[in-house]
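As provided, query-v5.pdb (PDB, C-alpha atoms) reads as follows.
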ATOM      1  CA  MET A  13     -14.243 -36.943  -7.632  1.00  0.00           C
ATOM      2  CA  LYS A  14     -12.279 -34.998  -5.000  1.00  0.00           C
ATOM      3  CA  ALA A  15     -10.179 -33.308  -7.697  1.00  0.00           C
ATOM      4  CA  LEU A  16     -13.333 -32.308  -9.561  1.00  0.00           C
ATOM      5  CA  PHE A  17     -14.810 -30.820  -6.372  1.00  0.00           C
ATOM      6  CA  LEU A  18     -11.603 -28.827  -5.708  1.00  0.00           C
ATOM      7  CA  LEU A  19     -11.610 -27.473  -9.250  1.00  0.00           C
ATOM      8  CA  PHE A  20     -15.277 -26.509  -8.923  1.00  0.00           C
ATOM      9  CA  ALA A  21     -14.606 -24.804  -5.570  1.00  0.00           C
ATOM     10  CA  MET A  22     -11.661 -22.854  -7.000  1.00  0.00           C
ATOM     11  CA  LEU A  23     -13.806 -21.534  -9.839  1.00  0.00           C
ATOM     12  CA  PHE A  24     -16.402 -20.178  -7.458  1.00  0.00           C
ATOM     13  CA  VAL A  25     -14.243 -18.664  -4.731  1.00  0.00           C
ATOM     14  CA  ALA A  26     -15.252 -15.044  -4.609  1.00  0.00           C
ATOM     15  CA  ALA A  27     -12.588 -12.523  -5.460  1.00  0.00           C
ATOM     16  CA  PRO A  28     -11.989  -9.910  -2.761  1.00  0.00           C
ATOM     17  CA  SER A  29     -14.478  -7.067  -2.998  1.00  0.00           C
ATOM     18  CA  SER A  30     -12.408  -4.508  -1.077  1.00  0.00           C
ATOM     19  CA  VAL A  31      -9.053  -3.953   0.623  1.00  0.00           C
ATOM     20  CA  TYR A  32     -10.777  -4.691   3.930  1.00  0.00           C
ATOM     21  CA  GLU A  33     -10.606  -8.432   3.266  1.00  0.00           C
ATOM     22  CA  PHE A  34      -6.808  -8.733   3.454  1.00  0.00           C
ATOM     23  CA  LYS A  35      -4.920  -9.871   6.546  1.00  0.00           C
ATOM     24  CA  LEU A  36      -1.702  -7.929   7.041  1.00  0.00           C
ATOM     25  CA  LYS A  37       1.092  -7.476   9.586  1.00  0.00           C
ATOM     26  CA  ASN A  38       2.451  -4.150  10.736  1.00  0.00           C
ATOM     27  CA  ILE A  39       6.124  -3.242  11.023  1.00  0.00           C
ATOM     28  CA  ASP A  40       6.134  -4.720  14.547  1.00  0.00           C
ATOM     29  CA  GLY A  41       4.779  -8.064  13.313  1.00  0.00           C
ATOM     30  CA  GLN A  42       1.283  -7.577  14.739  1.00  0.00           C
ATOM     31  CA  ASP A  43      -1.856  -8.403  12.754  1.00  0.00           C
ATOM     32  CA  PHE A  44      -3.807  -5.493  11.333  1.00  0.00           C
ATOM     33  CA  SER A  45      -6.479  -4.863   8.749  1.00  0.00           C
ATOM     34  CA  LEU A  46      -7.238  -1.866   6.596  1.00  0.00           C
ATOM     35  CA  ALA A  47     -10.871  -2.402   7.713  1.00  0.00           C
ATOM     36  CA  GLN A  48     -10.010  -0.448  10.858  1.00  0.00           C
ATOM     37  CA  TYR A  49      -9.900   2.642   8.618  1.00  0.00           C
ATOM     38  CA  ARG A  50     -13.396   2.122   7.199  1.00  0.00           C
ATOM     39  CA  GLY A  51     -15.039   5.520   6.705  1.00  0.00           C
ATOM     40  CA  LYS A  52     -11.743   7.220   5.784  1.00  0.00           C
ATOM     41  CA  LYS A  53      -9.769   7.264   2.584  1.00  0.00           C
ATOM     42  CA  VAL A  54      -6.544   5.243   2.687  1.00  0.00           C
ATOM     43  CA  LEU A  55      -3.394   5.971   0.684  1.00  0.00           C
ATOM     44  CA  VAL A  56      -1.402   2.756   0.229  1.00  0.00           C
ATOM     45  CA  VAL A  57       2.226   3.390  -0.790  1.00  0.00           C
ATOM     46  CA  ASN A  58       5.042   0.944  -1.521  1.00  0.00           C
ATOM     47  CA  THR A  59       8.095   2.515   0.102  1.00  0.00           C
ATOM     48  CA  ALA A  60      11.884   2.121   0.249  1.00  0.00           C
ATOM     49  CA  SER A  61      14.586   3.765   2.354  1.00  0.00           C
ATOM     50  CA  LYS A  62      17.360   4.034  -0.242  1.00  0.00           C
ATOM     51  CA  CYS A  63      15.521   5.378  -3.289  1.00  0.00           C
ATOM     52  CA  GLY A  64      15.556   8.698  -5.091  1.00  0.00           C
ATOM     53  CA  PHE A  65      11.884   9.009  -4.102  1.00  0.00           C
ATOM     54  CA  THR A  66      12.563   8.332  -0.393  1.00  0.00           C
ATOM     55  CA  PRO A  67      12.185  12.047   0.501  1.00  0.00           C
ATOM     56  CA  GLN A  68       8.490  11.563  -0.289  1.00  0.00           C
ATOM     57  CA  TYR A  69       8.236  10.173   3.252  1.00  0.00           C
ATOM     58  CA  LYS A  70       8.266  13.807   4.423  1.00  0.00           C
ATOM     59  CA  GLU A  71       5.296  14.750   2.231  1.00  0.00           C
ATOM     60  CA  LEU A  72       3.486  11.531   3.114  1.00  0.00           C
ATOM     61  CA  GLN A  73       3.714  12.513   6.782  1.00  0.00           C
ATOM     62  CA  GLN A  74       2.567  16.066   5.973  1.00  0.00           C
ATOM     63  CA  LEU A  75      -0.376  14.653   4.017  1.00  0.00           C
ATOM     64  CA  ALA A  76      -1.270  12.326   6.902  1.00  0.00           C
ATOM     65  CA  ASP A  77      -1.172  15.264   9.335  1.00  0.00           C
ATOM     66  CA  MET A  78      -3.114  17.664   7.089  1.00  0.00           C
ATOM     67  CA  TYR A  79      -5.944  15.244   6.335  1.00  0.00           C
ATOM     68  CA  LYS A  80      -5.903  13.150   9.528  1.00  0.00           C
ATOM     69  CA  ASP A  81      -9.684  13.403   9.967  1.00  0.00           C
ATOM     70  CA  LYS A  82     -10.413  11.818   6.587  1.00  0.00           C
ATOM     71  CA  LEU A  83      -7.258  10.039   5.362  1.00  0.00           C
ATOM     72  CA  VAL A  84      -4.838   7.404   6.619  1.00  0.00           C
ATOM     73  CA  VAL A  85      -1.482   6.898   4.886  1.00  0.00           C
ATOM     74  CA  VAL A  86      -0.098   3.348   5.138  1.00  0.00           C
ATOM     75  CA  GLY A  87       3.457   2.589   3.997  1.00  0.00           C
ATOM     76  CA  PHE A  88       4.419  -0.845   2.723  1.00  0.00           C
ATOM     77  CA  PRO A  89       8.226  -1.221   2.658  1.00  0.00           C
ATOM     78  CA  ALA A  90       9.311  -3.348  -0.312  1.00  0.00           C
ATOM     79  CA  ASN A  91      12.701  -4.463  -1.593  1.00  0.00           C
ATOM     80  CA  ASN A  92      11.610  -5.218  -5.180  1.00  0.00           C
ATOM     81  CA  PHE A  93      13.388  -2.398  -6.989  1.00  0.00           C
ATOM     82  CA  GLY A  94      17.173  -2.105  -6.974  1.00  0.00           C
ATOM     83  CA  GLN A  95      17.420  -3.665  -3.489  1.00  0.00           C
ATOM     84  CA  GLN A  96      16.517  -0.233  -2.097  1.00  0.00           C
ATOM     85  CA  GLU A  97      14.854  -1.534   1.083  1.00  0.00           C
ATOM     86  CA  PRO A  98      17.412  -3.975   2.506  1.00  0.00           C
ATOM     87  CA  GLY A  99      16.799  -3.196   6.190  1.00  0.00           C
ATOM     88  CA  THR A 100      15.126  -5.148   8.941  1.00  0.00           C
ATOM     89  CA  ALA A 101      11.792  -4.034  10.360  1.00  0.00           C
ATOM     90  CA  THR A 102      13.564  -2.270  13.237  1.00  0.00           C
ATOM     91  CA  GLU A 103      15.981  -0.508  10.877  1.00  0.00           C
ATOM     92  CA  ILE A 104      13.157   0.635   8.587  1.00  0.00           C
ATOM     93  CA  LYS A 105      11.031   1.907  11.472  1.00  0.00           C
ATOM     94  CA  THR A 106      13.980   3.773  13.016  1.00  0.00           C
ATOM     95  CA  PHE A 107      15.041   5.263   9.661  1.00  0.00           C
ATOM     96  CA  CYS A 108      11.526   6.542   8.903  1.00  0.00           C
ATOM     97  CA  SER A 109      11.036   8.020  12.353  1.00  0.00           C
ATOM     98  CA  LYS A 110      14.493   9.574  12.708  1.00  0.00           C
ATOM     99  CA  ASN A 111      14.827  11.019   9.196  1.00  0.00           C
ATOM    100  CA  TYR A 112      11.239  11.906   8.290  1.00  0.00           C
ATOM    101  CA  GLY A 113       9.248  11.928  11.534  1.00  0.00           C
ATOM    102  CA  VAL A 114       6.979   9.171  10.227  1.00  0.00           C
ATOM    103  CA  THR A 115       4.108   8.358  12.566  1.00  0.00           C
ATOM    104  CA  PHE A 116       1.703   6.914   9.980  1.00  0.00           C
ATOM    105  CA  PRO A 117       1.305   3.121   9.968  1.00  0.00           C
ATOM    106  CA  LEU A 118       3.919   0.945   8.296  1.00  0.00           C
ATOM    107  CA  SER A 119       3.453  -2.697   7.362  1.00  0.00           C
ATOM    108  CA  GLU A 120       6.025  -5.423   7.536  1.00  0.00           C
ATOM    109  CA  LYS A 121       8.256  -5.599   4.458  1.00  0.00           C
ATOM    110  CA  VAL A 122       6.271  -7.088   1.561  1.00  0.00           C
ATOM    111  CA  SER A 123       6.801  -7.963  -2.074  1.00  0.00           C
ATOM    112  CA  VAL A 124       4.838  -5.790  -4.516  1.00  0.00           C
ATOM    113  CA  LYS A 125       5.542  -7.744  -7.714  1.00  0.00           C
ATOM    114  CA  GLY A 126       6.578 -11.168  -8.923  1.00  0.00           C
ATOM    115  CA  ASP A 127       5.656 -14.668  -7.829  1.00  0.00           C
ATOM    116  CA  ASP A 128       5.701 -13.730  -4.144  1.00  0.00           C
ATOM    117  CA  ILE A 129       3.549 -10.590  -4.503  1.00  0.00           C
ATOM    118  CA  CYS A 130       1.586  -9.646  -1.409  1.00  0.00           C
ATOM    119  CA  PRO A 131      -2.093 -10.503  -2.079  1.00  0.00           C
ATOM    120  CA  LEU A 132      -3.129  -6.912  -1.308  1.00  0.00           C
ATOM    121  CA  PHE A 133      -0.847  -5.599  -4.076  1.00  0.00           C
ATOM    122  CA  LYS A 134      -1.996  -8.294  -6.499  1.00  0.00           C
ATOM    123  CA  TYR A 135      -5.525  -7.047  -5.891  1.00  0.00           C
ATOM    124  CA  LEU A 136      -4.543  -3.372  -6.194  1.00  0.00           C
ATOM    125  CA  THR A 137      -2.589  -3.827  -9.436  1.00  0.00           C
ATOM    126  CA  GLU A 138      -5.492  -5.709 -11.042  1.00  0.00           C
ATOM    127  CA  ALA A 139      -8.458  -3.758  -9.613  1.00  0.00           C
ATOM    128  CA  PRO A 140     -10.379  -1.545 -12.017  1.00  0.00           C
ATOM    129  CA  ASN A 141      -9.762   2.168 -11.597  1.00  0.00           C
ATOM    130  CA  PRO A 142      -9.905   5.199 -13.889  1.00  0.00           C
ATOM    131  CA  ASP A 143      -6.118   5.410 -14.180  1.00  0.00           C
ATOM    132  CA  PHE A 144      -4.309   2.189 -15.097  1.00  0.00           C
ATOM    133  CA  THR A 145      -3.687  -1.396 -14.014  1.00  0.00           C
ATOM    134  CA  GLY A 146      -0.634  -3.617 -14.198  1.00  0.00           C
ATOM    135  CA  ASP A 147       2.638  -4.097 -12.419  1.00  0.00           C
ATOM    136  CA  ILE A 148       4.130  -1.538 -10.098  1.00  0.00           C
ATOM    137  CA  LYS A 149       7.047   0.088 -11.920  1.00  0.00           C
ATOM    138  CA  TRP A 150       9.045   1.482  -8.957  1.00  0.00           C
ATOM    139  CA  ASN A 151       9.001   2.518  -5.306  1.00  0.00           C
ATOM    140  CA  PHE A 152       6.462   5.062  -4.029  1.00  0.00           C
ATOM    141  CA  GLU A 153       3.537   4.203  -6.270  1.00  0.00           C
ATOM    142  CA  LYS A 154       0.332   5.286  -4.574  1.00  0.00           C
ATOM    143  CA  PHE A 155      -3.114   3.694  -4.420  1.00  0.00           C
ATOM    144  CA  LEU A 156      -5.995   5.827  -3.156  1.00  0.00           C
ATOM    145  CA  ILE A 157      -8.760   3.798  -1.541  1.00  0.00           C
ATOM    146  CA  ASP A 158     -12.198   5.262  -0.839  1.00  0.00           C
ATOM    147  CA  GLU A 159     -14.126   5.131   2.442  1.00  0.00           C
ATOM    148  CA  ASN A 160     -15.639   1.772   1.441  1.00  0.00           C
ATOM    149  CA  GLY A 161     -12.361  -0.001   0.673  1.00  0.00           C
ATOM    150  CA  LYS A 162     -12.438   0.376  -3.118  1.00  0.00           C
ATOM    151  CA  LEU A 163      -9.507   1.557  -5.231  1.00  0.00           C
ATOM    152  CA  ILE A 164     -10.419   4.890  -6.808  1.00  0.00           C
ATOM    153  CA  HIS A 165      -7.112   6.223  -8.140  1.00  0.00           C
ATOM    154  CA  ARG A 166      -3.558   5.098  -8.722  1.00  0.00           C
ATOM    155  CA  PHE A 167      -0.506   7.310  -9.092  1.00  0.00           C
ATOM    156  CA  ARG A 168       3.010   6.535 -10.310  1.00  0.00           C
ATOM    157  CA  SER A 169       6.080   7.404  -8.233  1.00  0.00           C
ATOM    158  CA  GLN A 170       6.583  10.804  -9.841  1.00  0.00           C
ATOM    159  CA  THR A 171       3.283  12.090  -8.413  1.00  0.00           C
ATOM    160  CA  THR A 172       4.287  13.478  -5.038  1.00  0.00           C
ATOM    161  CA  PRO A 173       1.958  13.125  -2.048  1.00  0.00           C
ATOM    162  CA  LEU A 174       1.056  16.828  -2.016  1.00  0.00           C
ATOM    163  CA  ASP A 175       0.555  17.095  -5.777  1.00  0.00           C
ATOM    164  CA  PRO A 176      -2.891  18.555  -6.600  1.00  0.00           C
ATOM    165  CA  LYS A 177      -3.407  15.569  -8.938  1.00  0.00           C
ATOM    166  CA  LEU A 178      -3.662  13.514  -5.731  1.00  0.00           C
ATOM    167  CA  THR A 179      -4.968  15.993  -3.133  1.00  0.00           C
ATOM    168  CA  GLN A 180      -7.959  16.973  -5.290  1.00  0.00           C
ATOM    169  CA  TYR A 181      -9.546  13.670  -4.247  1.00  0.00           C
ATOM    170  CA  LEU A 182      -9.201  14.400  -0.539  1.00  0.00           C
TER     171      LEU A 182
END
For this file, write the structure as structure tokens.
Amino acid sequence: MKALFLLFAMLFVAAPSSVYEFKLKNIDGQDFSLAQYRGKKVLVVNTASKCGFTPQYKELQQLADMYKDKLVVVGFPANNFGQQEPGTATEIKTFCSKNYGVTFPLSEKVSVKGDDICPLFKYLTEAPNPDFTGDIKWNFEKFLIDENGKLIHRFRSQTTPLDPKLTQYL
């Protein structure tokens, strides 16, 4: 009877309706939620310090500065591709600040694919959007979230932060 109840409960657990429902930790290990950015667009980016796309940190910071009244950029360091984010939280934070002047929020290191995928990225890679769904292919993929916490666009790594394909939605 208990097993039947658990199965029934699992079938009716509501899927997350927005990114605001996820509990996260920042680079300093403190709890945070994307809900604090309600009313602004949020650009979620999986990042890495030793990648050919790493210089995008500079444009991400420029984007955050240019659109600070209506956009928040949040970086999610991940070591899923070519071991290109091997550092500790302190090393990542120092690298981003020293080399690219990053002041936008960074999360703790997460996994963005595989069995240990961060629940936020599982949601983002499966959420309907006009672009595409499925696994993240590499570092610096970008997910644009609207003011209500819904995914509205997704961009592969090659789309730079200041590309008009992205900025047209800001």
Residues matched by the PyMOL selection byres ((chain A and resi 80) around 12) as a PyMOL selection string: chain A and resi 49+52-55+72-79+81-85+115-116+182
Counting all atoms listed in the file, the residue of A:Ser30, A:Asn111, A:Asn160, A:Thr137 that sits nearest A:Arg50: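 Closest to A:Arg50 of all the choices is A:Asn160.
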The PyMOL selection byres ((chain A and resi 68) around 10) applied to the shown file, residues as a list in words: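 Applying the expression gives Thr59, Cys63, Gly64, Phe65, Thr66, Pro67, Tyr69, Lys70, Glu71, Leu72, Gln73, Gln74, Tyr112, Phe152, Ser169, Gln170, Thr171, Thr172, Pro173 and Leu174 of chain A.
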Counting all atoms listed in the file, which residues of stretch 117-173 of chain A fall within 8 Å of stretch 99-108 of chain A, and what is the closest atom pair for each with its distance in Å at one decimal, ordered by chain and rising number, as CSV?
residue,atom,partner,partner_atom,distance
A:Leu118,CA,A:Lys105,CA,7.8
A:Glu120,CA,A:Ala101,CA,6.6
A:Lys121,CA,A:Ala101,CA,7.1
Could you write those residues out with C-alpha atoms, as a JSON list (two decimals), keeping the file's coordinate frame?
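Output file part_2.json is given in full below:
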[["chain", "number", "residue", "atom", "x", "y", "z"],
["A", 118, "LEU", "CA", 3.92, 0.94, 8.30],
["A", 120, "GLU", "CA", 6.02, -5.42, 7.54],
["A", 121, "LYS", "CA", 8.26, -5.60, 4.46]]
Pairwise distance for atom CA of A:Val124 and atom CA of A:Pro142, rounded to one decimal in Å: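 So the two atoms, atom CA of A:Val124 and atom CA of A:Pro142, lie 20.6 Å apart.
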Between atom CA of A:Gln95 and atom CA of A:Asn151 - distance in Å to one decimal: 10.6 Å
The centre and edge lengths of an axis-aligned box containing all atoms of stretch 72-78 of chain A present in the file, extended by 4 Å on each side, are to be given in Å to one decimal, as lines of an AutoDock Vina configuration file.
center_x = 0.3
center_y = 14.6
center_z = 6.2
size_x = 14.8
size_y = 14.1
size_z = 14.2
Residues within 8 Å of A:Phe155, only C-alpha atoms, excluding chain neighbours under 4 positions, as a VMD selection string: chain A and resid 55 to 57 136 163 to 167
Interatomic distance, atom CA of A:Ala90 to atom CA of A:Ile148 (Å, one decimal):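 If I compute the distance from atom CA of A:Ala90 to atom CA of A:Ile148, I get 11.2 Å.
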Result set, the PyMOL selection byres ((chain A and resi 131) around 12) on current file, as a list in words: Ala27, Pro28, Ser30, Val31, Glu33, Phe34, Lys35, Leu36, Val122, Ser123, Val124, Lys125, Gly126, Asp127, Asp128, Ile129, Cys130, Leu132, Phe133, Lys134, Tyr135, Leu136, Thr137, Glu138 and Ala139 of chain A
Could you write out the selected residues, including C-alpha atoms, as a PDB file, in the frame of the given file?
ATOM      1  CA  ALA A  27     -12.588 -12.523  -5.460  1.00  0.00           C
ATOM      2  CA  PRO A  28     -11.989  -9.910  -2.761  1.00  0.00           C
ATOM      3  CA  SER A  30     -12.408  -4.508  -1.077  1.00  0.00           C
ATOM      4  CA  VAL A  31      -9.053  -3.953   0.623  1.00  0.00           C
ATOM      5  CA  GLU A  33     -10.606  -8.432   3.266  1.00  0.00           C
ATOM      6  CA  PHE A  34      -6.808  -8.733   3.454  1.00  0.00           C
ATOM      7  CA  LYS A  35      -4.920  -9.871   6.546  1.00  0.00           C
ATOM      8  CA  LEU A  36      -1.702  -7.929   7.041  1.00  0.00           C
ATOM      9  CA  VAL A 122       6.271  -7.088   1.561  1.00  0.00           C
ATOM     10  CA  SER A 123       6.801  -7.963  -2.074  1.00  0.00           C
ATOM     11  CA  VAL A 124       4.838  -5.790  -4.516  1.00  0.00           C
ATOM     12  CA  LYS A 125       5.542  -7.744  -7.714  1.00  0.00           C
ATOM     13  CA  GLY A 126       6.578 -11.168  -8.923  1.00  0.00           C
ATOM     14  CA  ASP A 127       5.656 -14.668  -7.829  1.00  0.00           C
ATOM     15  CA  ASP A 128       5.701 -13.730  -4.144  1.00  0.00           C
ATOM     16  CA  ILE A 129       3.549 -10.590  -4.503  1.00  0.00           C
ATOM     17  CA  CYS A 130       1.586  -9.646  -1.409  1.00  0.00           C
ATOM     18  CA  LEU A 132      -3.129  -6.912  -1.308  1.00  0.00           C
ATOM     19  CA  PHE A 133      -0.847  -5.599  -4.076  1.00  0.00           C
ATOM     20  CA  LYS A 134      -1.996  -8.294  -6.499  1.00  0.00           C
ATOM     21  CA  TYR A 135      -5.525  -7.047  -5.891  1.00  0.00           C
ATOM     22  CA  LEU A 136      -4.543  -3.372  -6.194  1.00  0.00           C
ATOM     23  CA  THR A 137      -2.589  -3.827  -9.436  1.00  0.00           C
ATOM     24  CA  GLU A 138      -5.492  -5.709 -11.042  1.00  0.00           C
ATOM     25  CA  ALA A 139      -8.458  -3.758  -9.613  1.00  0.00           C
TER      26      ALA A 139
END
Nearest to A:Phe93 by atom-to-atom distance, counting all atoms listed in the file, from A:Ser29, A:Ser109, A:Gln42, A:Ser61: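 Among the listed residues, the smallest separation from A:Phe93 belongs to A:Ser61.
Each of A:Glu97, A:Glu159, A:Asp175, A:Asp143 was compared to A:Leu46 using all atoms listed in the file, and A:Glu159 turns out to be the nearest.
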Best match for closeness to A:Lys62 among A:Gln180, A:Ser119, A:Ser45, A:Asn92, counting all atoms listed in the file: A:Asn92
Pick from A:Lys37, A:Arg168, A:Lys110, A:Lys177 nearest to A:Pro89, counting all atoms listed in the file: A:Lys37
Shortest interatomic distance to A:Pro140 - which of A:Asp40, A:Tyr32, A:Gln48, A:Lys162, counting all atoms listed in the file: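 Once distances to A:Pro140 are computed over all atoms listed in the file, the minimum belongs to A:Lys162.
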Filtering to C-alpha atoms, could stretch 20-91 of chain A of the supplied structure be written out as a PDB file, in the first residue's frame?
ATOM      1  CA  PHE A  20       0.858   7.855  -7.013  1.00  0.00           C
ATOM      2  CA  ALA A  21       2.551  10.823  -5.302  1.00  0.00           C
ATOM      3  CA  MET A  22       5.462  10.748  -7.760  1.00  0.00           C
ATOM      4  CA  LEU A  23       3.082  10.874 -10.713  1.00  0.00           C
ATOM      5  CA  PHE A  24       1.375  13.978  -9.407  1.00  0.00           C
ATOM      6  CA  VAL A  25       4.321  16.029  -8.182  1.00  0.00           C
ATOM      7  CA  ALA A  26       4.117  19.249 -10.113  1.00  0.00           C
ATOM      8  CA  ALA A  27       6.997  20.020 -12.412  1.00  0.00           C
ATOM      9  CA  PRO A  28       8.668  23.373 -11.754  1.00  0.00           C
ATOM     10  CA  SER A  29       6.815  26.209 -13.447  1.00  0.00           C
ATOM     11  CA  SER A  30       9.719  28.676 -13.475  1.00  0.00           C
ATOM     12  CA  VAL A  31      13.398  29.072 -12.601  1.00  0.00           C
ATOM     13  CA  TYR A  32      12.295  30.768  -9.383  1.00  0.00           C
ATOM     14  CA  GLU A  33      11.560  27.401  -7.775  1.00  0.00           C
ATOM     15  CA  PHE A  34      15.170  26.175  -7.665  1.00  0.00           C
ATOM     16  CA  LYS A  35      17.395  26.403  -4.596  1.00  0.00           C
ATOM     17  CA  LEU A  36      20.971  27.284  -5.496  1.00  0.00           C
ATOM     18  CA  LYS A  37      24.270  28.216  -3.843  1.00  0.00           C
ATOM     19  CA  ASN A  38      26.487  31.079  -4.902  1.00  0.00           C
ATOM     20  CA  ILE A  39      30.245  30.899  -5.401  1.00  0.00           C
ATOM     21  CA  ASP A  40      30.696  31.629  -1.677  1.00  0.00           C
ATOM     22  CA  GLY A  41      28.461  28.706  -0.676  1.00  0.00           C
ATOM     23  CA  GLN A  42      25.518  30.864   0.403  1.00  0.00           C
ATOM     24  CA  ASP A  43      21.930  30.039  -0.559  1.00  0.00           C
ATOM     25  CA  PHE A  44      20.356  32.134  -3.284  1.00  0.00           C
ATOM     26  CA  SER A  45      17.385  32.003  -5.601  1.00  0.00           C
ATOM     27  CA  LEU A  46      16.814  33.428  -9.042  1.00  0.00           C
ATOM     28  CA  ALA A  47      13.467  34.650  -7.615  1.00  0.00           C
ATOM     29  CA  GLN A  48      15.349  37.648  -6.229  1.00  0.00           C
ATOM     30  CA  TYR A  49      15.609  38.851  -9.843  1.00  0.00           C
ATOM     31  CA  ARG A  50      11.862  38.676 -10.500  1.00  0.00           C
ATOM     32  CA  GLY A  51      10.876  41.569 -12.771  1.00  0.00           C
ATOM     33  CA  LYS A  52      14.180  41.471 -14.689  1.00  0.00           C
ATOM     34  CA  LYS A  53      15.402  39.211 -17.434  1.00  0.00           C
ATOM     35  CA  VAL A  54      18.098  36.742 -16.368  1.00  0.00           C
ATOM     36  CA  LEU A  55      20.836  35.333 -18.599  1.00  0.00           C
ATOM     37  CA  VAL A  56      21.993  31.972 -17.228  1.00  0.00           C
ATOM     38  CA  VAL A  57      25.376  30.883 -18.631  1.00  0.00           C
ATOM     39  CA  ASN A  58      27.419  27.745 -17.976  1.00  0.00           C
ATOM     40  CA  THR A  59      30.999  28.989 -17.733  1.00  0.00           C
ATOM     41  CA  ALA A  60      34.573  27.670 -17.602  1.00  0.00           C
ATOM     42  CA  SER A  61      37.934  29.332 -16.989  1.00  0.00           C
ATOM     43  CA  LYS A  62      40.095  27.347 -19.417  1.00  0.00           C
ATOM     44  CA  CYS A  63      37.968  27.292 -22.570  1.00  0.00           C
ATOM     45  CA  GLY A  64      38.296  28.935 -25.956  1.00  0.00           C
ATOM     46  CA  PHE A  65      35.056  30.770 -25.120  1.00  0.00           C
ATOM     47  CA  THR A  66      36.349  32.042 -21.746  1.00  0.00           C
ATOM     48  CA  PRO A  67      36.929  35.573 -23.140  1.00  0.00           C
ATOM     49  CA  GLN A  68      33.131  35.823 -23.294  1.00  0.00           C
ATOM     50  CA  TYR A  69      33.352  36.708 -19.592  1.00  0.00           C
ATOM     51  CA  LYS A  70      34.364  40.208 -20.737  1.00  0.00           C
ATOM     52  CA  GLU A  71      31.254  40.622 -22.898  1.00  0.00           C
ATOM     53  CA  LEU A  72      29.056  39.071 -20.218  1.00  0.00           C
ATOM     54  CA  GLN A  73      30.245  41.764 -17.809  1.00  0.00           C
ATOM     55  CA  GLN A  74      29.699  44.467 -20.452  1.00  0.00           C
ATOM     56  CA  LEU A  75      26.187  43.136 -21.064  1.00  0.00           C
ATOM     57  CA  ALA A  76      25.467  43.111 -17.319  1.00  0.00           C
ATOM     58  CA  ASP A  77      26.669  46.721 -17.038  1.00  0.00           C
ATOM     59  CA  MET A  78      24.826  47.964 -20.142  1.00  0.00           C
ATOM     60  CA  TYR A  79      21.470  46.453 -19.199  1.00  0.00           C
ATOM     61  CA  LYS A  80      21.756  46.510 -15.392  1.00  0.00           C
ATOM     62  CA  ASP A  81      18.284  48.031 -14.964  1.00  0.00           C
ATOM     63  CA  LYS A  82      16.554  45.161 -16.763  1.00  0.00           C
ATOM     64  CA  LEU A  83      18.951  42.187 -16.914  1.00  0.00           C
ATOM     65  CA  VAL A  84      20.995  40.087 -14.508  1.00  0.00           C
ATOM     66  CA  VAL A  85      23.738  37.788 -15.819  1.00  0.00           C
ATOM     67  CA  VAL A  86      24.394  34.718 -13.644  1.00  0.00           C
ATOM     68  CA  GLY A  87      27.399  32.482 -14.338  1.00  0.00           C
ATOM     69  CA  PHE A  88      27.354  28.801 -13.450  1.00  0.00           C
ATOM     70  CA  PRO A  89      30.904  27.376 -13.503  1.00  0.00           C
ATOM     71  CA  ALA A  90      30.885  23.778 -14.757  1.00  0.00           C
ATOM     72  CA  ASN A  91      33.631  21.231 -15.351  1.00  0.00           C
TER      73      ASN A  91
END
